[in-house]
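Undergrad: Got a structure here, written out as structure tokens. Questions coming.
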Amino acid sequence: MIISTDFLNFKKLKSLVDWKLLLFLVLFLNVKLVVKVPAIIIIYLLQFNFKFGFSLKNSRLPLFYLLVISIAVFNWLISRDHWNVNYGLVLLTGIGFWSLCILAMHQVKLSVERDDTEIIHRTIVAFFVLNAVLSLFNLAAIIIETGSFNPYTYQGLYQKYFIGTGDYIRGLTFDTSTTNAVLNAFGVIYFLTKKNMPMLFICMAVMLFTGSNYIDMVLLLILLGLFIFKSSRDQKSQIVICVMFLVVFMGKISPQNSIYVNETFKNTFHLKFLQRPVPYELKTPITLTPDSLLSPEQRREKVAYRYLDSFYVITHPKILPASKTVLKTDAGRIYIPEPRINTKPFQHIADTTPYQRHLLAFISTHKASLPLSAKNDYPSTVPGKAIGFMQTVNFLRQHPAKIMTGDGTGNFSSKLAFRASGFGDAGGYPKKYAYFSPDFISNHLDIYLDFFSKKTDFHSLTNNPDSVYDQLLAEYGILGLLAFLVYYLGYFLKHYKLLTYGLPILLVLLAIFCTEYWFEQLSIVLFFELLLLLNIKESSTQKIGSYAS
């Protein structure tokens, strides 16, 4: 038998994927800025090119990036209050983030222009395979640590995992699980269109493992739209299987997530008609369900169950040690002890964490500037994200001079504003040059402190004021939003006739822009740009080929 040695052929292996692009994606999408910057340096050494091709007509790259930098500089020039060293560093850092967006997209564009579409496709497959391997490694490590095959229902280790297990499935980027979820949501749509069923199901599974309920719901709506309006018979079958994956995950693997989603909808939209699933239908007994997921009646029922459990423990025959390894009752029967799920190791730690103490200390020091968090009472039932948007609108009403160009980079609503404050939750920043804008402290930072200094029940995506739309409106004004709509979305939508998987991926992006400052994350936006540029190129090539034939 002749064994093929094609796989040993270095030249053939080299041509399978764009290794430079793959290396760049792996490094640049890493959560650490100290990895992203070297990634940019390395790719420019390997592929030296600074011909960005910006122009007013048919710009090679989106003019949006240049426009937001221009607005940031303009705001600094007209506001003499910000002419100081600390804010100067904030401004330079903000311009640096937008510049990294330009540099990264330029390299992705070069790869798409140079490579055959099949090579780019195989590079994307390789990226998702690596991400799936790392994600499964994350899950395997949790299974080994907990000793439970399903850590999503495991409540030991002080509920370190349980409903939050997905938070630890971070994948190749080592970023938040939400980043991993968004990337795999892109992958589901991409591989569904490409008719690559194994990769479709791999991406769907990894996305579900991250436990990102918001991304799950967004993708579910997109898949429903594709099922109704744009899918073949085979694709419809695959969509149904993906939905079944979601149903099984929510119903069997992580049933408490279905309760959480129901409660989130109920609290956010005040929907009284949504009834909570009956606890006994879940794998998680009512005594193990967090109080935040229970109604007042169910909390009373939980107290009753715990009383009966305690009474049983008191009246149960005393366990006598028969030997070092065997336990027996008074009657002499061998007893195999089971974990007492009502004991401390199986309950959530209610103690204030060091980070929460840090937030509380800041609140105590700045009470005069914090109208919400300084009250020291439970936060409003209105989600923090909605409060944040109302704050932005009210601020612009009170400061009409800032409506057009906003409050300035890092002054109101951005990852940079959190980073420059020195809290440490948005990345490192020199403490010597820490910067707090009064507008940021009294608005979005106040919201964050109000919710995240309290118990973990309030630490949810809906209570975080982060949002791309809020950032653009608050810090870059109406002109910033228009620049985004015309010179970023318009850059891709002018090719709408060529977009296949690009349009649903664009809808996912628009939905997740409500959840985080994604441009400053320097991660999923670049991957989105890669997919859209590839879609435009391959559709253009097919169109030219059809004309030639």
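Chain identifiers are assigned as A, B, and so on, following the order in which chains appear in the structure tokens; residues are numbered from 1 within each chain, and ligands are numbered from 1 in order of appearance.
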What's around Ser437 in chain A at 10 Å? Count only C-alpha atoms, leave out sequence neighbours fewer than 3 positions away in its own chain, and write the answer as a list in words.
TA: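 That gives His82, Tyr87, Asp407, Gly408, Gly410, Asn411, Phe412, Ala417, Ala420, Ser421, Phe440, Ile441, Ser442 and Leu445 of chain A.
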Undergrad: Would you list the contacts of Gly96 in chain A as number ranges by chain, taking every protein, DNA or RNA residue within 12 Å and counting only C-alpha atoms, but skipping same-chain residues closer than 4 positions in sequence?
TA: A: 33, 37, 65-66, 68-69, 72, 89-92, 100-103, 409, 416, 519-520, 522
Undergrad: Please produce a file of the residues just selected, as a compact mmCIF listing (two decimals), in the first residue's frame, where the atoms kept are all heavy atoms.
TA:
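Contents of out-v6.txt, freshly written:
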```
# COMPACT_ATOMS: atom_id res chain seq x y z
N LEU A 33 -3.86 43.71 25.67
CA LEU A 33 -3.34 44.74 24.77
C LEU A 33 -1.85 44.52 24.50
O LEU A 33 -1.36 44.85 23.42
CB LEU A 33 -3.57 46.12 25.38
CG LEU A 33 -3.32 47.33 24.46
CD1 LEU A 33 -4.25 47.29 23.25
CD2 LEU A 33 -3.51 48.63 25.23
N VAL A 37 -0.71 44.65 20.40
CA VAL A 37 0.26 45.58 19.80
C VAL A 37 1.40 44.82 19.12
O VAL A 37 1.73 45.13 17.96
CB VAL A 37 0.79 46.57 20.86
CG1 VAL A 37 1.91 47.43 20.27
CG2 VAL A 37 -0.35 47.46 21.37
N TYR A 65 -13.48 55.59 10.76
CA TYR A 65 -12.39 55.62 11.73
C TYR A 65 -11.68 56.97 11.73
O TYR A 65 -11.34 57.50 12.79
CB TYR A 65 -11.40 54.49 11.43
CG TYR A 65 -11.95 53.11 11.70
CD1 TYR A 65 -11.95 52.13 10.72
CD2 TYR A 65 -12.46 52.78 12.95
CE1 TYR A 65 -12.44 50.86 10.97
CE2 TYR A 65 -12.96 51.52 13.21
CZ TYR A 65 -12.95 50.55 12.22
OH TYR A 65 -13.45 49.30 12.47
N LEU A 66 -11.44 57.53 10.56
CA LEU A 66 -10.79 58.84 10.49
C LEU A 66 -11.69 59.92 11.06
O LEU A 66 -11.22 60.87 11.71
CB LEU A 66 -10.43 59.17 9.04
CG LEU A 66 -9.25 58.41 8.43
CD1 LEU A 66 -8.97 58.95 7.02
CD2 LEU A 66 -8.00 58.52 9.28
N VAL A 68 -14.07 59.72 13.47
CA VAL A 68 -14.17 59.74 14.93
C VAL A 68 -12.89 60.29 15.56
O VAL A 68 -12.94 60.99 16.58
CB VAL A 68 -14.51 58.35 15.52
CG1 VAL A 68 -15.91 57.92 15.17
CG2 VAL A 68 -13.50 57.30 15.10
N ILE A 69 -11.75 60.01 14.93
CA ILE A 69 -10.50 60.60 15.42
C ILE A 69 -10.54 62.12 15.26
O ILE A 69 -10.14 62.87 16.16
CB ILE A 69 -9.30 60.00 14.67
CG1 ILE A 69 -9.12 58.52 15.03
CG2 ILE A 69 -8.02 60.79 14.98
CD1 ILE A 69 -8.02 57.82 14.25
N ALA A 72 -12.74 63.63 17.90
CA ALA A 72 -12.06 63.61 19.20
C ALA A 72 -11.08 64.77 19.33
O ALA A 72 -11.03 65.45 20.37
CB ALA A 72 -11.34 62.27 19.39
N LEU A 89 -3.18 62.23 27.85
CA LEU A 89 -2.88 60.81 27.71
C LEU A 89 -4.13 60.02 27.35
O LEU A 89 -4.08 59.06 26.56
CB LEU A 89 -2.29 60.28 29.02
CG LEU A 89 -1.87 58.80 29.02
CD1 LEU A 89 -0.83 58.53 27.95
CD2 LEU A 89 -1.34 58.39 30.40
N VAL A 90 -5.28 60.41 27.93
CA VAL A 90 -6.55 59.76 27.60
C VAL A 90 -6.86 59.94 26.12
O VAL A 90 -7.23 58.98 25.41
CB VAL A 90 -7.70 60.32 28.46
CG1 VAL A 90 -9.06 59.81 27.95
CG2 VAL A 90 -7.53 59.93 29.91
N LEU A 91 -6.70 61.17 25.61
CA LEU A 91 -6.96 61.44 24.20
C LEU A 91 -6.05 60.63 23.30
O LEU A 91 -6.51 60.02 22.32
CB LEU A 91 -6.78 62.94 23.93
CG LEU A 91 -6.95 63.37 22.47
CD1 LEU A 91 -8.38 63.15 22.00
CD2 LEU A 91 -6.56 64.83 22.29
N LEU A 92 -4.77 60.60 23.61
CA LEU A 92 -3.81 59.83 22.80
C LEU A 92 -4.14 58.34 22.83
O LEU A 92 -4.02 57.65 21.82
CB LEU A 92 -2.40 60.07 23.29
CG LEU A 92 -1.81 61.47 23.02
CD1 LEU A 92 -0.43 61.61 23.66
CD2 LEU A 92 -1.74 61.74 21.52
N LEU A 100 -5.51 51.49 15.89
CA LEU A 100 -5.34 50.04 15.83
C LEU A 100 -6.44 49.39 14.99
O LEU A 100 -6.20 48.41 14.28
CB LEU A 100 -5.34 49.45 17.24
CG LEU A 100 -4.07 49.65 18.07
CD1 LEU A 100 -4.27 49.14 19.49
CD2 LEU A 100 -2.89 48.94 17.42
N CYS A 101 -7.65 49.95 15.07
CA CYS A 101 -8.75 49.44 14.24
C CYS A 101 -8.40 49.59 12.75
O CYS A 101 -8.63 48.68 11.95
CB CYS A 101 -10.04 50.21 14.54
SG CYS A 101 -10.75 49.90 16.17
N ILE A 102 -7.84 50.74 12.40
CA ILE A 102 -7.46 50.99 11.00
C ILE A 102 -6.35 50.05 10.57
O ILE A 102 -6.42 49.41 9.51
CB ILE A 102 -7.01 52.46 10.82
CG1 ILE A 102 -8.17 53.42 11.09
CG2 ILE A 102 -6.45 52.69 9.42
CD1 ILE A 102 -7.77 54.88 11.11
N LEU A 103 -5.30 49.96 11.39
CA LEU A 103 -4.14 49.12 11.05
C LEU A 103 -4.55 47.65 10.90
O LEU A 103 -4.09 46.96 9.98
CB LEU A 103 -3.06 49.26 12.13
CG LEU A 103 -2.38 50.63 12.23
CD1 LEU A 103 -1.53 50.71 13.48
CD2 LEU A 103 -1.53 50.89 10.98
N THR A 409 -13.74 62.20 23.89
CA THR A 409 -13.24 60.83 24.10
C THR A 409 -12.89 60.58 25.57
O THR A 409 -12.16 61.36 26.19
CB THR A 409 -11.98 60.60 23.23
OG1 THR A 409 -12.32 60.77 21.87
CG2 THR A 409 -11.42 59.21 23.45
N LEU A 416 -12.55 53.24 27.51
CA LEU A 416 -11.44 54.10 27.87
C LEU A 416 -11.73 54.88 29.15
O LEU A 416 -10.85 55.07 30.00
CB LEU A 416 -11.13 55.07 26.72
CG LEU A 416 -10.02 56.10 26.96
CD1 LEU A 416 -8.71 55.39 27.27
CD2 LEU A 416 -9.88 57.00 25.74
N PHE A 519 -15.83 48.27 19.62
CA PHE A 519 -14.72 48.81 18.84
C PHE A 519 -13.45 48.84 19.69
O PHE A 519 -12.36 48.52 19.20
CB PHE A 519 -15.05 50.21 18.32
CG PHE A 519 -15.91 50.23 17.09
CD1 PHE A 519 -17.22 50.69 17.14
CD2 PHE A 519 -15.43 49.77 15.86
CE1 PHE A 519 -18.02 50.70 16.01
CE2 PHE A 519 -16.22 49.78 14.73
CZ PHE A 519 -17.53 50.25 14.80
N GLU A 520 -13.58 49.20 20.96
CA GLU A 520 -12.43 49.28 21.84
C GLU A 520 -11.96 47.91 22.31
O GLU A 520 -10.82 47.77 22.79
CB GLU A 520 -12.75 50.15 23.05
CG GLU A 520 -12.95 51.61 22.73
CD GLU A 520 -13.32 52.42 23.96
OE1 GLU A 520 -14.49 52.34 24.38
OE2 GLU A 520 -12.44 53.11 24.49
N LEU A 522 -11.38 45.53 20.29
CA LEU A 522 -10.42 45.10 19.26
C LEU A 522 -10.47 43.59 19.06
O LEU A 522 -9.45 42.90 19.10
CB LEU A 522 -9.00 45.54 19.64
CG LEU A 522 -8.79 47.06 19.81
CD1 LEU A 522 -7.41 47.34 20.39
CD2 LEU A 522 -8.95 47.78 18.48
```
Undergrad: Counting only C-alpha atoms, what is within 12 Å of Lys494 in chain A, bar same-chain residues fewer than 4 positions away, as an MDAnalysis selection string?
TA: chainID A and resid 58:59 62 485:490 498:499 503 532 536
Undergrad: Save out the residues we just selected, all heavy atoms, as an mmCIF file, in the first residue's frame.
TA:
```cif
data_model
loop_
_atom_site.group_PDB
_atom_site.id
_atom_site.type_symbol
_atom_site.label_atom_id
_atom_site.label_comp_id
_atom_site.auth_asym_id
_atom_site.auth_seq_id
_atom_site.Cartn_x
_atom_site.Cartn_y
_atom_site.Cartn_z
ATOM 1 N N ASN A 58 -15.548 55.917 -2.916
ATOM 2 C CA ASN A 58 -15.047 54.538 -3.011
ATOM 3 C C ASN A 58 -13.791 54.329 -2.172
ATOM 4 O O ASN A 58 -12.777 53.807 -2.649
ATOM 5 C CB ASN A 58 -14.787 54.154 -4.472
ATOM 6 C CG ASN A 58 -16.050 54.164 -5.305
ATOM 7 O OD1 ASN A 58 -17.122 53.771 -4.833
ATOM 8 N ND2 ASN A 58 -15.937 54.605 -6.548
ATOM 9 N N SER A 59 -13.852 54.755 -0.933
ATOM 10 C CA SER A 59 -12.722 54.592 -0.021
ATOM 11 C C SER A 59 -12.420 53.114 0.189
ATOM 12 O O SER A 59 -13.334 52.284 0.331
ATOM 13 C CB SER A 59 -13.028 55.259 1.312
ATOM 14 O OG SER A 59 -11.940 55.144 2.199
ATOM 15 N N PRO A 62 -13.161 52.052 5.619
ATOM 16 C CA PRO A 62 -14.231 52.947 6.085
ATOM 17 C C PRO A 62 -13.690 54.291 6.588
ATOM 18 O O PRO A 62 -12.780 54.329 7.431
ATOM 19 C CB PRO A 62 -14.887 52.157 7.221
ATOM 20 C CG PRO A 62 -14.504 50.740 6.996
ATOM 21 C CD PRO A 62 -13.158 50.771 6.357
ATOM 22 N N LEU A 485 -23.242 55.422 10.801
ATOM 23 C CA LEU A 485 -24.300 54.956 9.897
ATOM 24 C C LEU A 485 -23.901 55.083 8.431
ATOM 25 O O LEU A 485 -24.109 54.153 7.635
ATOM 26 C CB LEU A 485 -25.588 55.742 10.153
ATOM 27 C CG LEU A 485 -26.252 55.533 11.518
ATOM 28 C CD1 LEU A 485 -27.421 56.495 11.696
ATOM 29 C CD2 LEU A 485 -26.720 54.094 11.681
ATOM 30 N N VAL A 486 -23.305 56.216 8.073
ATOM 31 C CA VAL A 486 -23.015 56.492 6.657
ATOM 32 C C VAL A 486 -21.697 55.884 6.212
ATOM 33 O O VAL A 486 -21.607 55.275 5.138
ATOM 34 C CB VAL A 486 -23.014 58.017 6.396
ATOM 35 C CG1 VAL A 486 -22.642 58.308 4.937
ATOM 36 C CG2 VAL A 486 -24.376 58.607 6.732
ATOM 37 N N TYR A 487 -20.654 56.027 7.059
ATOM 38 C CA TYR A 487 -19.318 55.660 6.614
ATOM 39 C C TYR A 487 -18.793 54.356 7.206
ATOM 40 O O TYR A 487 -17.659 53.970 6.914
ATOM 41 C CB TYR A 487 -18.339 56.798 6.923
ATOM 42 C CG TYR A 487 -18.636 58.040 6.113
ATOM 43 C CD1 TYR A 487 -19.252 59.145 6.699
ATOM 44 C CD2 TYR A 487 -18.327 58.096 4.753
ATOM 45 C CE1 TYR A 487 -19.536 60.280 5.958
ATOM 46 C CE2 TYR A 487 -18.603 59.226 4.001
ATOM 47 C CZ TYR A 487 -19.212 60.307 4.610
ATOM 48 O OH TYR A 487 -19.491 61.430 3.866
ATOM 49 N N TYR A 488 -19.592 53.691 8.034
ATOM 50 C CA TYR A 488 -19.216 52.340 8.454
ATOM 51 C C TYR A 488 -20.244 51.332 7.943
ATOM 52 O O TYR A 488 -19.918 50.472 7.124
ATOM 53 C CB TYR A 488 -19.071 52.227 9.968
ATOM 54 C CG TYR A 488 -18.427 50.911 10.367
ATOM 55 C CD1 TYR A 488 -17.057 50.745 10.266
ATOM 56 C CD2 TYR A 488 -19.191 49.833 10.809
ATOM 57 C CE1 TYR A 488 -16.453 49.535 10.598
ATOM 58 C CE2 TYR A 488 -18.598 48.617 11.148
ATOM 59 C CZ TYR A 488 -17.230 48.474 11.040
ATOM 60 O OH TYR A 488 -16.635 47.269 11.359
ATOM 61 N N LEU A 489 -21.495 51.472 8.399
ATOM 62 C CA LEU A 489 -22.526 50.571 7.869
ATOM 63 C C LEU A 489 -22.685 50.767 6.365
ATOM 64 O O LEU A 489 -22.824 49.788 5.611
ATOM 65 C CB LEU A 489 -23.856 50.832 8.579
ATOM 66 C CG LEU A 489 -23.938 50.481 10.066
ATOM 67 C CD1 LEU A 489 -25.348 50.696 10.578
ATOM 68 C CD2 LEU A 489 -23.492 49.054 10.316
ATOM 69 N N GLY A 490 -22.656 52.026 5.925
ATOM 70 C CA GLY A 490 -22.795 52.301 4.501
ATOM 71 C C GLY A 490 -21.674 51.709 3.676
ATOM 72 O O GLY A 490 -21.877 51.325 2.513
ATOM 73 N N LEU A 498 -24.492 41.875 -2.949
ATOM 74 C CA LEU A 498 -23.477 40.822 -2.991
ATOM 75 C C LEU A 498 -23.419 40.029 -1.690
ATOM 76 O O LEU A 498 -22.771 38.981 -1.636
ATOM 77 C CB LEU A 498 -22.096 41.439 -3.260
ATOM 78 C CG LEU A 498 -21.919 42.216 -4.570
ATOM 79 C CD1 LEU A 498 -20.534 42.850 -4.626
ATOM 80 C CD2 LEU A 498 -22.137 41.307 -5.769
ATOM 81 N N LEU A 499 -24.077 40.516 -0.661
ATOM 82 C CA LEU A 499 -23.964 39.889 0.656
ATOM 83 C C LEU A 499 -24.931 38.720 0.802
ATOM 84 O O LEU A 499 -26.120 38.841 0.528
ATOM 85 C CB LEU A 499 -24.232 40.918 1.753
ATOM 86 C CG LEU A 499 -23.258 42.098 1.828
ATOM 87 C CD1 LEU A 499 -23.687 43.075 2.925
ATOM 88 C CD2 LEU A 499 -21.837 41.622 2.079
ATOM 89 N N LEU A 503 -25.229 39.735 5.468
ATOM 90 C CA LEU A 503 -26.361 40.485 6.029
ATOM 91 C C LEU A 503 -26.785 39.968 7.403
ATOM 92 O O LEU A 503 -26.930 40.765 8.339
ATOM 93 C CB LEU A 503 -27.533 40.478 5.052
ATOM 94 C CG LEU A 503 -27.419 41.431 3.853
ATOM 95 C CD1 LEU A 503 -28.608 41.271 2.922
ATOM 96 C CD2 LEU A 503 -27.308 42.880 4.334
ATOM 97 N N LEU A 532 -17.168 39.991 6.186
ATOM 98 C CA LEU A 532 -17.884 40.831 5.209
ATOM 99 C C LEU A 532 -17.027 41.101 3.983
ATOM 100 O O LEU A 532 -17.527 41.046 2.844
ATOM 101 C CB LEU A 532 -18.305 42.148 5.859
ATOM 102 C CG LEU A 532 -19.697 42.204 6.510
ATOM 103 C CD1 LEU A 532 -20.784 42.256 5.436
ATOM 104 C CD2 LEU A 532 -19.950 41.029 7.442
ATOM 105 N N ILE A 536 -18.011 39.881 0.156
ATOM 106 C CA ILE A 536 -18.065 40.803 -0.987
ATOM 107 C C ILE A 536 -17.161 40.321 -2.114
ATOM 108 O O ILE A 536 -17.549 40.331 -3.292
ATOM 109 C CB ILE A 536 -17.668 42.225 -0.538
ATOM 110 C CG1 ILE A 536 -18.728 42.805 0.398
ATOM 111 C CG2 ILE A 536 -17.483 43.145 -1.749
ATOM 112 C CD1 ILE A 536 -18.319 44.080 1.096
#
```
Undergrad: Please return, as a PyMOL selection string, all residues of range 151-253 of chain A that DSSP assigns to helix (DSSP H, G or I) on the basis of the backbone.
TA: chain A and resi 151-153+156-159+162-168+171-173+177-193+197-209+213-229+233-253
Undergrad: With only C-alpha atoms as the counted atoms, please give the residues lying no more than 10 Å from range 236-244 of chain A, apart from itself and same-chain residues fewer than 4 positions off, as a list in words.
TA: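 Listing them by chain and then by number gives Val188, Ile189, Leu192, Lys195, Met197, Leu200, Phe201, Cys203, Met204, Ala205, Asp216, Leu219, Leu220, Leu223, Leu224, Leu226, Phe227, Ile228, Lys230, Ser231, Ser232, Val248, Phe249 and Met250 of chain A.
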Undergrad: Store the residues picked out above, limited to N, CA and C atoms, as an mmCIF file, in the first residue's frame.
TA:
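out_20.cif, written as the output of this step:
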```
data_model
loop_
_atom_site.group_PDB
_atom_site.id
_atom_site.type_symbol
_atom_site.label_atom_id
_atom_site.label_comp_id
_atom_site.auth_asym_id
_atom_site.auth_seq_id
_atom_site.Cartn_x
_atom_site.Cartn_y
_atom_site.Cartn_z
ATOM 1 N N VAL A 188 -21.719 30.157 13.174
ATOM 2 C CA VAL A 188 -22.946 29.401 12.863
ATOM 3 C C VAL A 188 -23.548 29.887 11.552
ATOM 4 N N ILE A 189 -23.685 31.195 11.405
ATOM 5 C CA ILE A 189 -24.272 31.759 10.176
ATOM 6 C C ILE A 189 -23.365 31.500 8.977
ATOM 7 N N LEU A 192 -23.371 27.742 8.088
ATOM 8 C CA LEU A 192 -24.685 27.368 7.569
ATOM 9 C C LEU A 192 -24.780 27.726 6.093
ATOM 10 N N LYS A 195 -22.585 25.567 3.932
ATOM 11 C CA LYS A 195 -23.020 24.169 3.932
ATOM 12 C C LYS A 195 -21.964 23.234 4.533
ATOM 13 N N MET A 197 -21.635 21.387 7.565
ATOM 14 C CA MET A 197 -22.438 20.958 8.701
ATOM 15 C C MET A 197 -21.610 20.647 9.950
ATOM 16 N N LEU A 200 -20.654 23.894 11.507
ATOM 17 C CA LEU A 200 -21.873 24.562 11.977
ATOM 18 C C LEU A 200 -22.234 24.074 13.369
ATOM 19 N N PHE A 201 -22.259 22.768 13.559
ATOM 20 C CA PHE A 201 -22.662 22.209 14.850
ATOM 21 C C PHE A 201 -21.596 22.436 15.921
ATOM 22 N N CYS A 203 -19.626 25.113 16.119
ATOM 23 C CA CYS A 203 -19.796 26.512 16.549
ATOM 24 C C CYS A 203 -21.042 26.682 17.401
ATOM 25 N N MET A 204 -22.120 25.991 17.044
ATOM 26 C CA MET A 204 -23.356 26.091 17.817
ATOM 27 C C MET A 204 -23.142 25.541 19.231
ATOM 28 N N ALA A 205 -22.438 24.423 19.327
ATOM 29 C CA ALA A 205 -22.202 23.810 20.639
ATOM 30 C C ALA A 205 -21.335 24.708 21.512
ATOM 31 N N ASP A 216 -27.651 33.866 22.503
ATOM 32 C CA ASP A 216 -28.510 32.742 22.099
ATOM 33 C C ASP A 216 -29.816 33.246 21.493
ATOM 34 N N LEU A 219 -29.230 35.019 18.040
ATOM 35 C CA LEU A 219 -28.997 34.048 16.968
ATOM 36 C C LEU A 219 -30.269 33.277 16.646
ATOM 37 N N LEU A 220 -31.059 32.960 17.666
ATOM 38 C CA LEU A 220 -32.314 32.239 17.436
ATOM 39 C C LEU A 220 -33.225 33.036 16.509
ATOM 40 N N LEU A 223 -31.741 32.943 12.951
ATOM 41 C CA LEU A 223 -31.969 31.637 12.325
ATOM 42 C C LEU A 223 -33.433 31.472 11.922
ATOM 43 N N LEU A 224 -34.329 31.997 12.744
ATOM 44 C CA LEU A 224 -35.748 31.940 12.396
ATOM 45 C C LEU A 224 -36.015 32.715 11.118
ATOM 46 N N LEU A 226 -33.818 33.334 8.709
ATOM 47 C CA LEU A 226 -33.226 32.585 7.600
ATOM 48 C C LEU A 226 -34.096 31.388 7.236
ATOM 49 N N PHE A 227 -34.655 30.739 8.249
ATOM 50 C CA PHE A 227 -35.518 29.578 8.003
ATOM 51 C C PHE A 227 -36.726 29.971 7.151
ATOM 52 N N ILE A 228 -37.296 31.124 7.454
ATOM 53 C CA ILE A 228 -38.514 31.546 6.761
ATOM 54 C C ILE A 228 -38.213 32.124 5.380
ATOM 55 N N LYS A 230 -34.804 32.671 3.721
ATOM 56 C CA LYS A 230 -33.644 32.432 2.862
ATOM 57 C C LYS A 230 -32.872 31.195 3.301
ATOM 58 N N SER A 231 -33.366 30.036 2.920
ATOM 59 C CA SER A 231 -32.655 28.798 3.233
ATOM 60 C C SER A 231 -33.183 27.670 2.363
ATOM 61 N N SER A 232 -32.297 26.743 2.045
ATOM 62 C CA SER A 232 -32.676 25.564 1.281
ATOM 63 C C SER A 232 -33.288 24.531 2.224
ATOM 64 N N VAL A 248 -32.251 21.566 24.206
ATOM 65 C CA VAL A 248 -31.651 20.556 25.082
ATOM 66 C C VAL A 248 -30.739 21.217 26.104
ATOM 67 N N PHE A 249 -29.963 22.191 25.659
ATOM 68 C CA PHE A 249 -29.046 22.868 26.582
ATOM 69 C C PHE A 249 -29.814 23.588 27.686
ATOM 70 N N MET A 250 -30.856 24.338 27.295
ATOM 71 C CA MET A 250 -31.624 25.108 28.272
ATOM 72 C C MET A 250 -32.480 24.214 29.160
#
```
Undergrad: Give me, as number ranges by chain, all polymer residues having an atom no more than 10 Å from Phe527 in chain A, counting only C-alpha atoms and skipping those fewer than 5 positions away in the same chain.
TA: A: 25, 29, 105, 108, 124, 183, 186, 522, 532-533
Undergrad: How would the residues just chosen look if you wrote them out with N, CA and C atoms as a short mmCIF file (atom, residue, chain, number, x, y, z; two decimals), in the first residue's frame?
TA:
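Saved to out04.cif:
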```cif
data_model
loop_
_atom_site.label_atom_id
_atom_site.label_comp_id
_atom_site.auth_asym_id
_atom_site.auth_seq_id
_atom_site.Cartn_x
_atom_site.Cartn_y
_atom_site.Cartn_z
N LEU A 25 -4.78 36.77 13.51
CA LEU A 25 -6.08 36.67 14.17
C LEU A 25 -5.94 36.11 15.58
N LEU A 29 -6.75 39.03 18.38
CA LEU A 29 -8.01 38.84 19.08
C LEU A 29 -7.82 38.47 20.55
N MET A 105 -7.69 46.37 10.26
CA MET A 105 -8.57 46.14 9.12
C MET A 105 -7.79 46.21 7.80
N VAL A 108 -6.22 42.83 7.22
CA VAL A 108 -7.25 41.86 6.83
C VAL A 108 -7.67 42.08 5.38
N ILE A 124 -10.31 30.51 8.10
CA ILE A 124 -11.41 30.72 9.06
C ILE A 124 -11.78 29.41 9.74
N LEU A 183 -18.31 35.34 18.45
CA LEU A 183 -17.52 34.75 17.36
C LEU A 183 -18.17 33.49 16.83
N PHE A 186 -21.25 34.20 14.77
CA PHE A 186 -20.82 34.49 13.39
C PHE A 186 -20.55 33.18 12.65
N LEU A 522 -11.38 45.53 20.29
CA LEU A 522 -10.42 45.10 19.26
C LEU A 522 -10.47 43.59 19.06
N LEU A 532 -17.17 39.99 6.19
CA LEU A 532 -17.88 40.83 5.21
C LEU A 532 -17.03 41.10 3.98
N LEU A 533 -15.76 41.38 4.17
CA LEU A 533 -14.86 41.61 3.03
C LEU A 533 -14.74 40.35 2.17
#
```
Undergrad: Residues within 12 Å of range 365-370 of chain A, please, as a ChimeraX atom specification. Count only C-alpha atoms; anything in the same chain fewer than 6 positions from it doesn't count.
TA: /A:358-359,376,436-450
Undergrad: Nearest residue to Asn213 in chain A out of A:Thr462, A:Thr500, A:Thr193, A:Asn150, using only C-alpha atoms?
TA: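 Among the listed residues, A:Thr462 lies closest to Asn213 in chain A.
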Undergrad: What is the distance, in Å and to one decimal place, between CA of Tyr44 in chain A and CA of Leu530 in chain A?
TA: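 Between CA of Tyr44 in chain A and CA of Leu530 in chain A the gap works out to 17.2 Å.
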Undergrad: How far is it from CA of Gly480 in chain A to CA of Thr405 in chain A, in Å with one decimal?
TA: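 Computed distance, CA of Gly480 in chain A to CA of Thr405 in chain A, equals 6.8 Å.
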Undergrad: Quote the spacing between CA of Trp518 in chain A and CA of Val468 in chain A in Å to one decimal place.
TA: 6.5 Å
Undergrad: Out of A:Leu67, A:Met207, A:Leu172, A:Leu61, which residue has the shortest atom-to-atom distance to Leu479 in chain A when counting only C-alpha atoms?
TA: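 Selected residue with least distance to Leu479 in chain A: A:Leu67.
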Undergrad: Using only C-alpha atoms, which of A:Ala474, A:Pro151, A:Lys454, A:Cys514 sits nearest Ile403 in chain A?
TA: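 Looking at the shortest contact to Ile403 in chain A, the residue is A:Ala474.
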Undergrad: Which residue, A:Leu77, A:Ile142, A:Leu396, A:Ala434, has the smallest gap to Gly156 in chain A when you use only C-alpha atoms?
TA: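 Among the listed residues, the smallest separation from Gly156 in chain A belongs to A:Ile142.
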